[in-house]
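Q: Quick one, data.txt (compact mmCIF, C-alpha atoms):
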# COMPACT_ATOMS: atom_id res chain seq x y z
CA MET A 141 124.43 157.18 93.56
CA PHE A 142 126.64 160.18 92.81
CA ASP A 143 129.13 159.76 89.98
CA CYS A 144 132.28 161.88 90.38
CA ALA A 145 133.38 161.12 86.82
CA GLY A 146 132.38 163.08 83.70
CA LEU A 147 133.34 166.64 84.76
CA ARG A 148 133.73 168.87 81.72
CA ILE A 149 135.13 172.36 81.33
CA GLY A 150 132.22 174.71 80.96
CA ASP A 151 130.14 176.34 83.60
CA SER A 152 132.67 176.96 86.36
CA ARG A 153 129.95 177.10 89.01
CA VAL A 154 128.66 173.65 88.05
CA VAL A 155 132.18 172.25 88.06
CA LEU A 156 132.86 173.78 91.47
CA LYS A 157 129.65 172.35 92.93
CA LYS A 158 130.47 168.86 91.62
CA LEU A 159 134.01 169.09 92.98
CA LEU A 160 132.75 170.07 96.44
CA ARG A 161 130.25 167.21 96.41
CA CYS A 162 133.01 164.75 95.42
CA VAL A 163 135.28 165.97 98.19
CA GLY A 164 132.43 165.65 100.68
CA VAL A 165 131.66 162.08 99.66
CA LEU A 166 135.31 161.03 99.64
CA SER A 167 135.90 162.54 103.08
CA LEU A 168 133.14 160.32 104.47
CA MET A 169 134.56 157.10 102.98
CA PRO A 170 136.78 156.16 105.99
CA LEU A 171 133.81 156.53 108.33
CA ILE A 172 131.64 154.48 106.00
CA LEU A 173 134.25 151.72 105.81
CA ILE A 174 134.74 151.66 109.58
CA SER A 175 131.00 151.57 110.11
CA CYS A 176 130.67 148.64 107.72
CA GLN A 177 133.43 146.71 109.46
CA ALA A 178 131.87 147.18 112.89
CA THR A 179 128.36 146.14 111.91
CA SER A 180 126.98 143.06 113.65
CA VAL A 181 125.81 140.45 111.19
CA HIS A 182 123.47 137.89 112.64
CA ARG A 183 120.33 135.95 111.90
CA GLU A 184 117.76 135.75 114.64
CA GLU A 185 115.79 132.53 114.91
CA GLU A 186 112.30 132.86 113.48
CA LEU A 187 111.05 129.71 115.22
CA PRO A 188 111.33 128.68 118.88
CA PRO A 189 114.50 126.67 119.57
CA PRO A 190 113.99 122.91 119.38
CA ALA A 191 113.78 120.98 122.63
CA GLY A 192 116.13 118.18 123.55
CA ILE A 193 119.59 119.75 123.03
CA ARG A 194 121.93 117.02 124.29
CA TYR A 195 125.19 118.94 124.54
CA GLN A 196 126.65 122.41 124.27
CA LEU A 197 130.21 123.19 123.20
CA VAL A 198 131.76 126.59 123.93
CA TYR A 199 134.98 127.39 122.05
CA ILE A 200 137.06 130.33 123.30
CA ILE A 201 139.80 130.76 120.68
CA HIS A 202 142.43 133.28 121.70
CA GLY A 203 143.86 134.96 118.62
CA ASP A 204 145.10 138.21 120.16
CA GLY A 205 148.78 137.32 119.96
CA SER A 206 151.36 135.61 117.78
CA TYR A 207 149.96 132.35 116.43
CA LEU A 208 152.00 131.97 113.25
CA PHE A 209 153.71 128.61 112.75
CA HIS A 210 155.15 126.61 109.85
CA THR A 211 154.58 122.97 108.96
CA ALA A 212 157.35 120.63 107.81
CA ASP A 213 156.75 121.56 104.18
CA GLY A 214 157.46 125.21 104.99
CA GLU A 215 153.85 126.35 104.64
CA SER A 216 152.78 129.05 107.08
CA HIS A 217 149.61 128.83 109.17
CA TYR A 218 147.90 130.83 111.90
CA ALA A 219 147.03 128.44 114.69
CA ASP A 220 143.95 130.31 115.85
CA ARG A 221 142.46 130.36 112.34
CA ARG A 222 143.21 126.68 111.88
CA VAL A 223 141.42 125.85 115.13
CA LEU A 224 138.55 128.11 114.08
CA ASN A 225 138.06 126.05 110.91
CA GLN A 226 138.19 122.83 112.93
CA ALA A 227 135.50 124.23 115.22
CA PHE A 228 133.33 125.10 112.20
CA ARG A 229 133.58 121.55 110.87
CA THR A 230 132.76 120.03 114.25
CA ALA A 231 129.80 122.38 114.72
CA ALA A 232 128.39 121.45 111.31
CA ALA A 233 128.62 117.74 112.16
CA LEU A 234 126.71 117.94 115.44
CA ASN A 235 122.98 117.63 114.85
CA SER A 236 121.86 117.16 118.46
CA GLY A 237 123.55 120.08 120.12
CA GLU A 238 124.66 123.68 120.13
CA VAL A 239 128.10 125.09 119.47
CA PHE A 240 129.20 128.58 120.52
CA ILE A 241 132.46 129.76 118.94
CA PHE A 242 134.20 132.93 120.12
CA HIS A 243 137.26 134.17 118.22
CA GLN A 244 139.14 136.77 120.28
CA LYS A 245 140.99 138.87 117.71
CA PRO A 246 143.49 141.75 117.93
CA ARG A 247 142.10 145.24 117.94
CA GLY A 248 142.44 146.53 114.39
CA ARG A 249 143.21 150.03 113.16
CA PHE A 250 142.06 151.83 110.04
CA LEU A 251 143.93 155.06 109.37
CA PHE A 252 143.60 156.97 112.66
CA PHE A 253 140.66 154.96 114.00
CA THR A 254 140.73 151.95 116.34
CA GLN A 255 138.12 149.29 115.70
CA SER A 256 136.14 148.64 118.86
CA ARG A 257 134.84 145.20 117.86
CA ASP A 258 137.62 142.72 118.45
CA GLY A 259 135.60 139.54 118.82
CA LYS A 260 133.57 137.33 116.51
CA PHE A 261 130.78 135.07 117.72
CA TYR A 262 129.40 132.11 115.74
CA HIS A 263 126.36 130.19 116.97
CA TYR A 264 125.41 126.78 115.58
CA ARG A 265 122.37 124.71 116.46
CA GLY A 266 121.58 121.33 114.93
CA GLY A 267 124.56 121.65 112.60
CA GLU A 268 123.29 124.94 111.13
CA ILE A 269 124.73 128.42 111.58
CA MET A 270 122.16 130.51 113.44
CA ASN A 271 124.02 133.70 114.34
CA LYS A 272 127.24 135.44 113.41
CA ILE A 273 128.01 138.60 115.37
CA SER A 274 130.95 140.98 115.69
CA TYR A 275 131.25 142.15 119.28
CA ARG A 276 133.46 144.12 121.63
CA ARG A 277 135.39 142.04 124.12
CA ARG A 278 134.57 143.16 127.65
CA HIS A 279 137.33 142.95 130.24
CA THR A 280 135.68 143.71 133.57
CA PRO A 281 134.71 142.37 135.98
CA SER A 282 135.51 139.03 134.30
CA LEU A 283 137.39 138.54 131.05
CA TRP A 284 134.67 136.38 129.50
CA ASP A 285 131.64 138.39 130.60
CA GLU A 286 130.68 139.26 127.03
CA GLU A 287 131.12 135.68 125.82
CA TYR A 288 128.98 134.35 128.66
CA ALA A 289 126.31 136.96 127.94
CA TYR A 290 126.01 135.70 124.34
CA PHE A 291 125.95 132.09 125.51
CA ARG A 292 123.22 132.80 128.02
CA HIS A 293 121.14 134.78 125.54
CA TYR A 294 121.27 132.41 122.56
CA ARG A 295 121.38 128.96 124.14
CA ALA A 296 118.36 126.71 123.73
CA ASP A 297 116.01 126.35 126.65
CA ASN A 298 115.43 122.65 127.31
CA ARG A 299 112.34 123.37 129.34
CA THR A 300 110.23 120.22 129.57
CA GLY A 301 107.61 121.56 131.93
CA PRO A 302 106.96 124.23 134.58
CA GLY A 303 110.21 124.77 136.47
CA THR A 304 111.99 121.74 135.01
CA VAL A 305 115.02 121.69 132.75
CA GLU A 306 116.95 118.95 131.02
CA LYS A 307 120.59 119.97 131.40
CA PRO A 308 122.76 119.40 128.31
CA LEU A 309 126.33 118.16 128.57
CA LEU A 310 128.48 121.31 128.80
CA ILE A 311 132.02 121.43 127.36
CA ILE A 312 134.30 124.50 127.49
CA LEU A 313 137.30 124.53 125.13
CA PHE A 314 140.02 127.17 125.50
CA TYR A 315 142.75 127.51 122.86
CA GLY A 316 145.69 129.80 123.52
CA HIS A 317 149.25 130.19 124.73
CA GLN A 318 150.45 128.88 128.09
CA VAL A 319 148.46 130.28 131.00
CA PHE A 320 150.91 131.01 133.84
CA GLU A 321 150.04 130.46 137.47
CA THR A 322 151.72 133.72 138.46
CA ASP A 323 151.81 137.04 136.62
CA GLY A 324 149.84 136.76 133.40
CA THR A 325 150.46 140.17 131.89
CA GLU A 326 151.24 140.58 128.19
CA TYR A 327 149.00 137.62 127.35
CA HIS A 328 146.83 139.73 125.06
CA GLY A 329 148.56 141.56 122.23
CA SER A 330 146.01 144.39 122.30
CA TYR A 331 145.87 144.63 126.10
CA PRO A 332 149.43 143.97 127.36
CA ASP A 333 148.74 145.33 130.85
CA GLU A 334 145.76 143.11 131.45
CA PRO A 335 146.62 139.92 133.39
CA PHE A 336 145.45 136.48 132.33
CA SER A 337 146.74 133.79 134.69
CA THR A 338 145.14 130.57 135.91
CA ARG A 339 143.23 132.74 138.39
CA GLU A 340 141.56 134.76 135.63
CA LEU A 341 141.01 131.60 133.57
CA ALA A 342 139.19 129.89 136.44
CA ASP A 343 137.14 133.01 137.16
CA SER A 344 136.06 133.14 133.52
CA ILE A 345 135.12 129.45 133.36
CA SER A 346 133.24 129.78 136.65
CA LEU A 347 130.68 131.99 134.87
CA PHE A 348 129.45 128.89 133.04
CA ALA A 349 129.37 126.81 136.24
CA ALA A 350 127.67 129.47 138.37
CA PRO A 351 124.07 129.41 139.66
CA ASP A 352 121.64 130.41 136.95
CA GLU A 353 118.22 131.43 138.21
CA SER A 354 117.01 132.28 134.70
CA ILE A 355 116.57 128.61 133.77
CA GLY A 356 113.61 128.05 136.07
CA ALA A 357 112.49 127.91 139.65
CA GLY A 358 113.02 124.17 139.82
CA CYS A 359 116.69 124.47 138.84
CA VAL A 360 118.36 126.53 141.55
CA GLU A 361 121.93 125.80 140.54
CA ARG A 362 123.78 124.39 137.55
CA ALA A 363 126.12 121.50 138.08
CA PRO A 364 129.78 122.24 137.27
CA VAL A 365 131.00 122.10 133.70
CA ASP A 366 131.25 118.52 132.43
CA LEU A 367 134.54 118.98 130.57
CA VAL A 368 137.18 121.69 130.21
CA VAL A 369 139.64 121.31 127.34
CA LEU A 370 142.73 123.40 128.01
CA SER A 371 144.61 123.48 124.72
CA THR A 372 147.74 125.31 125.86
CA CYS A 373 151.31 124.46 126.76
CA MET A 374 151.95 123.25 130.33
CA GLY A 375 148.27 122.85 131.20
CA GLY A 376 148.76 119.77 133.39
CA THR A 377 150.34 121.44 136.43
CA VAL A 378 149.18 120.94 140.00
CA GLY A 379 148.20 124.61 140.29
CA THR A 380 146.18 124.61 137.07
CA LEU A 381 144.23 121.48 138.00
CA LYS A 382 143.68 122.81 141.50
CA ALA A 383 142.08 125.93 139.98
CA LEU A 384 139.91 124.01 137.49
CA ALA A 385 138.92 120.95 139.57
CA PRO A 386 136.05 122.66 141.45
CA LEU A 387 134.55 123.80 138.14
CA SER A 388 134.59 120.70 135.94
CA HIS A 389 134.13 116.95 136.26
CA PHE A 390 136.88 116.30 133.69
CA VAL A 391 139.81 118.25 132.26
CA ILE A 392 141.79 117.45 129.11
CA ALA A 393 145.17 119.18 129.07
CA SER A 394 148.80 118.74 128.08
CA PRO A 395 151.40 118.60 130.89
CA GLU A 396 154.18 119.38 128.38
CA SER A 397 154.65 121.78 125.50
CA LEU A 398 151.93 121.72 122.89
CA HIS A 399 152.47 122.35 119.22
CA LEU A 400 150.90 125.60 118.03
CA SER A 401 148.44 123.64 115.91
CA HIS A 402 146.82 122.86 119.29
CA MET A 403 144.60 119.89 120.08
CA ASP A 404 142.48 118.59 117.27
CA MET A 405 139.23 117.95 119.14
CA SER A 406 137.24 116.93 116.09
CA GLY A 407 136.74 113.59 117.84
CA LEU A 408 133.92 115.32 119.69
CA HIS A 409 131.74 114.83 116.62
CA ARG A 410 131.28 111.31 118.03
CA LEU A 411 128.92 112.85 120.55
CA GLU A 412 126.24 112.14 117.97
CA ALA A 413 126.64 108.40 118.56
CA TRP A 414 127.35 108.59 122.31
CA ASN A 415 124.61 106.93 124.39
CA GLY A 416 124.99 109.29 127.34
CA ASN A 417 126.63 106.71 129.62
CA ASP A 418 130.22 106.37 130.88
CA LEU A 419 131.52 109.81 129.92
CA GLN A 420 135.06 108.93 130.96
CA SER A 421 135.32 106.07 128.44
CA PHE A 422 133.98 108.33 125.70
CA LEU A 423 136.50 111.06 126.54
CA THR A 424 139.30 108.49 126.56
CA GLU A 425 138.50 107.77 122.91
CA VAL A 426 138.57 111.50 122.16
CA VAL A 427 142.02 111.77 123.78
CA TRP A 428 143.27 108.88 121.63
CA HIS A 429 142.04 110.69 118.52
CA THR A 430 143.76 113.93 119.54
CA PHE A 431 147.00 112.16 120.41
CA THR A 432 147.09 110.31 117.09
CA GLU A 433 146.54 113.52 115.11
CA LEU A 434 149.35 115.34 116.93
CA THR A 435 151.87 112.50 116.59
CA HIS A 436 151.33 112.57 112.82
CA LEU A 437 151.81 116.33 112.70
CA THR A 438 154.90 117.05 114.79
CA SER A 439 158.22 115.53 115.87
CA THR A 440 158.21 117.39 119.20
CA VAL A 441 156.89 115.93 122.46
CA VAL A 442 153.22 114.91 122.49
CA SER A 443 151.37 114.48 125.77
CA ILE A 444 147.60 114.56 126.21
CA ALA A 445 146.01 113.75 129.57
CA LEU A 446 142.46 113.24 130.80
CA TYR A 447 141.97 114.18 134.48
CA ASN A 448 139.05 112.93 136.56
CA THR A 449 138.89 115.82 139.01
CA ALA A 450 137.11 113.89 141.75
CA MET A 451 139.74 111.12 141.65
CA VAL A 452 142.76 113.46 141.65
CA ALA A 453 141.37 115.53 144.55
CA PRO A 454 143.22 113.52 147.26
CA LEU A 455 146.56 114.11 145.51
CA LEU A 456 145.86 117.83 145.09
CA ASP A 457 144.91 118.11 148.76
CA SER A 458 148.05 116.28 149.93
CA ILE A 459 150.49 118.61 148.17
CA SER A 460 148.45 121.81 148.20
CA ASN A 461 150.22 123.55 151.08
CA GLN A 462 153.78 123.05 149.84
CA TYR A 463 152.73 123.90 146.29
CA ASP A 464 151.07 127.14 147.41
CA GLU A 465 154.17 128.11 149.39
CA LYS A 466 156.34 127.53 146.35
CA LEU A 467 153.97 129.64 144.27
CA ARG A 468 154.01 132.48 146.82
CA ASN A 469 157.81 132.53 146.81
CA LEU A 470 157.81 132.64 143.04
CA GLU A 471 155.37 135.56 143.02
CA LEU A 472 157.51 137.45 145.54
CA ASP A 473 160.49 137.00 143.24
CA GLU A 474 158.32 138.41 140.43
CA GLY A 475 159.65 135.68 138.20
CA ILE A 476 158.19 132.96 136.04
CA PRO A 477 159.04 129.26 136.10
CA LEU A 478 162.44 128.82 134.50
CA GLU A 479 162.29 125.09 134.01
CA TYR A 480 159.50 122.52 133.82
CA TYR A 481 159.87 118.82 134.54
CA ASP A 482 157.85 115.71 135.30
CA CYS A 483 156.63 115.92 138.92
CA ILE A 484 157.60 112.30 139.50
CA GLU A 485 161.21 113.58 139.51
CA ASP A 486 160.46 115.92 142.45
CA PRO A 487 161.37 114.33 145.81
CA LEU A 488 158.51 116.25 147.47
CA PHE A 489 155.95 114.66 145.13
CA PRO A 490 154.27 111.61 146.75
CA GLN A 491 156.23 108.67 145.42
CA GLU A 492 153.40 106.29 146.33
CA TYR A 493 151.11 108.02 143.87
CA GLY A 494 150.05 105.46 141.27
CA GLY A 495 148.44 107.68 138.67
CA GLU A 496 144.90 107.60 140.07
CA GLY A 497 142.51 109.81 138.14
CA VAL A 498 144.85 110.45 135.19
CA PHE A 499 144.80 108.82 131.78
CA ILE A 500 147.81 110.05 129.79
CA LEU A 501 149.18 109.33 126.34
CA TYR A 502 152.81 110.31 125.90
CA ARG A 503 155.35 110.23 123.09
CA PRO A 504 158.82 111.67 123.72
CA PRO A 505 160.33 114.13 121.26
CA LEU A 506 162.19 112.52 118.38
CA PHE A 507 165.29 114.53 119.25
CA GLY A 508 166.85 116.29 122.25
CA ARG A 509 167.63 115.32 125.83
CA ASP A 510 164.21 113.79 126.54
CA LYS A 511 164.05 111.54 123.49
CA ASN A 512 164.64 108.46 125.66
CA LYS A 513 161.97 109.34 128.25
CA ILE A 514 159.31 106.66 127.81
CA SER A 515 156.53 107.82 130.16
CA HIS A 516 155.10 110.78 132.03
CA SER A 517 153.19 110.97 135.32
CA GLY A 518 150.65 113.41 133.87
CA TRP A 519 151.77 116.15 136.27
CA GLU A 520 154.21 118.93 135.45
CA CYS A 521 156.23 120.80 138.10
CA TRP A 522 158.52 123.84 137.80
CA LYS A 523 161.57 125.29 139.50
Output the file's structure in the form of structure tokens.

A:
Amino acid sequence: MFDCAGLRIGDSRVVLKKLLRCVGVLSLMPLILISCQATSVHREEELPPPAGIRYQLVYIIHGDGSYLFHTADGESHYADRRVLNQAFRTAAALNSGEVFIFHQKPRGRFLFFTQSRDGKFYHYRGGEIMNKISYRRRHTPSLWDEEYAYFRHYRADNRTGPGTVEKPLLIILFYGHQVFETDGTEYHGSYPDEPFSTRELADSISLFAAPDESIGAGCVERAPVDLVVLSTCMGGTVGTLKALAPLSHFVIASPESLHLSHMDMSGLHRLEAWNGNDLQSFLTEVVWHTFTELTHLTSTVVSIALYNTAMVAPLLDSISNQYDEKLRNLELDEGIPLEYYDCIEDPLFPQEYGGEGVFILYRPPLFGRDKNKISHSGWECWK
């Protein structure tokens, strides 16, 4: 180590040499700091991954935007960081699975330098942290290419014999702002010109539901994702479910506004006690847990719905054409939905629909024009 202190008046040449060395060291400090901040920190497994992983949870936590909110006591919180801590606690409680947590952060700047690593990846297996890596978010050809690459590289291989694989339950959880069905620009604070609509969301999720030849010759194609949790405002629209239905057996979303604290999905720690049967009943209990937590936290509207995508398919098919036409007209106007409302209030919505495939818990806001609304169809429309 070079100590820049202790210079004394004496030999001017010695003093000059020490001064030049100090200036040289100090001039390198910004580069040293930037290098330290961009270094990947991870712990590679020393032993082969254990067999028999029962489930895999993939959290995509969007933090590249404004996520500041205040609780009733006036305390400030960042919603993405709060969700991140919830994900950590859930991951530590799950001993029979893997949890992949991706925190998409804003691009930082230090002096005149832009930090290239704007993502953080955390990998848990068996309740233990295995890897923690800073990475650069890739944006082409799919927005989640980098996240999927880490998932594919680090996930456990449940190979039980030549060419055979035991497929774990796969759950994708996305936390962020409302994902529009039309123009999705300005979604990312660091990349305002990059669109992120339901189209890009579905394309990103489809990576995890795509054929995967790397698993083994006996497993030509993965089944779709078992569950997608869409923790955003206005996630229960016809267009959003139409985009996600081919990719997942179940979707949990909110058809109304969602408080910035997002959905508390810590009920998923009950996967440890789940016997592997009747997934819908298990997810219904998770929805109850999430609904209860939100009603205690906020006085605004609370609506959490569980969609069985196979059961809602007939409804989506019956209104698909008129919905697509409405969406095309909206895109031509280059506008965004100005007003959202319960689809049951739309005369074009099938009035004979009896709620098949949707389990919804709803509490009206404690104030405002909708405070006397006692139920919701589970579907949100716009005009």

Q: With all atoms listed in the file as the counted atoms, please give the residues lying no more than 7 Å from Cys373 of chain A, apart from itself and same-chain residues fewer than 2 positions off, as a list of chain:residue names.

A: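 That gives A:His317, A:Gln318, A:Gly375, A:Ser394, A:Glu396, A:Ser397, A:Leu398.
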
Q: So that each row is one residue of segment 200-251 of chain A with an atom at most 10 Å from segment 286-296 of chain A, can you give its shortest atom pair and the distance in Å to one decimal, using only C-alpha atoms, rows by chain and rising number, as CSV?

A:
residue,atom,partner,partner_atom,distance
A:Ile200,CA,A:Glu287,CA,8.4
A:Gly237,CA,A:Ala296,CA,9.2
A:Glu238,CA,A:Arg295,CA,7.4
A:Val239,CA,A:Arg295,CA,9.1
A:Phe240,CA,A:Phe291,CA,6.9
A:Ile241,CA,A:Glu287,CA,9.2
A:Phe242,CA,A:Glu287,CA,7.0
A:His243,CA,A:Glu287,CA,9.9
A:Gln244,CA,A:Glu287,CA,9.8

Q: Quick check, in Å to one decimal: how far apart do atom CA of Thr435 of chain A and atom CA of Gly214 of chain A lie?

A: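 Spanning atom CA of Thr435 of chain A to atom CA of Gly214 of chain A is a straight-line distance of 18.1 Å.
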
Q: Write out as a Markdown table the residues of segment 327-407 of chain A that have any atom within 8 Å of an atom of segment 427-433 of chain A, one row each with the nearest atom pair and its distance in Å to one decimal, counting all atoms listed in the file, sorted by chain and then rising number.

A:
| residue | atom | partner | partner_atom | distance |
| --- | --- | --- | --- | --- |
| A:Ile392 | CA | A:Val427 | CA | 7.8 |
| A:Met403 | CA | A:Thr430 | CA | 6.0 |
| A:Asp404 | CA | A:Thr430 | CA | 5.3 |
| A:Met405 | CA | A:Thr430 | CA | 6.1 |
| A:Ser406 | CA | A:Thr430 | CA | 8.0 |
| A:Gly407 | CA | A:His429 | CA | 6.1 |

Q: For atom CA of Arg257 of chain A and atom CA of Leu370 of chain A, determine how far apart the two atoms are, in Å to one decimal place.

A: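 So the two atoms, atom CA of Arg257 of chain A and atom CA of Leu370 of chain A, lie 25.3 Å apart.
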
Q: Take every atom of segment 489-493 of chain A listed in the file, pad by 5 Å on each side, and give me the axis-aligned box centre and edge lengths in Å, one decimal, as lines of an AutoDock Vina configuration file.

A:
center_x = 153.7
center_y = 110.5
center_z = 145.3
size_x = 15.1
size_y = 18.4
size_z = 12.9

Q: How many Å separate atom CA of Leu411 of chain A from atom CA of Asn235 of chain A?

A: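 Atom CA of Leu411 of chain A sits 9.5 Å away from atom CA of Asn235 of chain A.
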
Q: When you count only C-alpha atoms, which of these residues is closest to Thr380 of chain A: A:Asp486, A:Glu321, A:Glu340, A:Glu496?

A: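 Among A:Asp486, A:Glu321, A:Glu340, A:Glu496, it is A:Glu321 that comes nearest to Thr380 of chain A.
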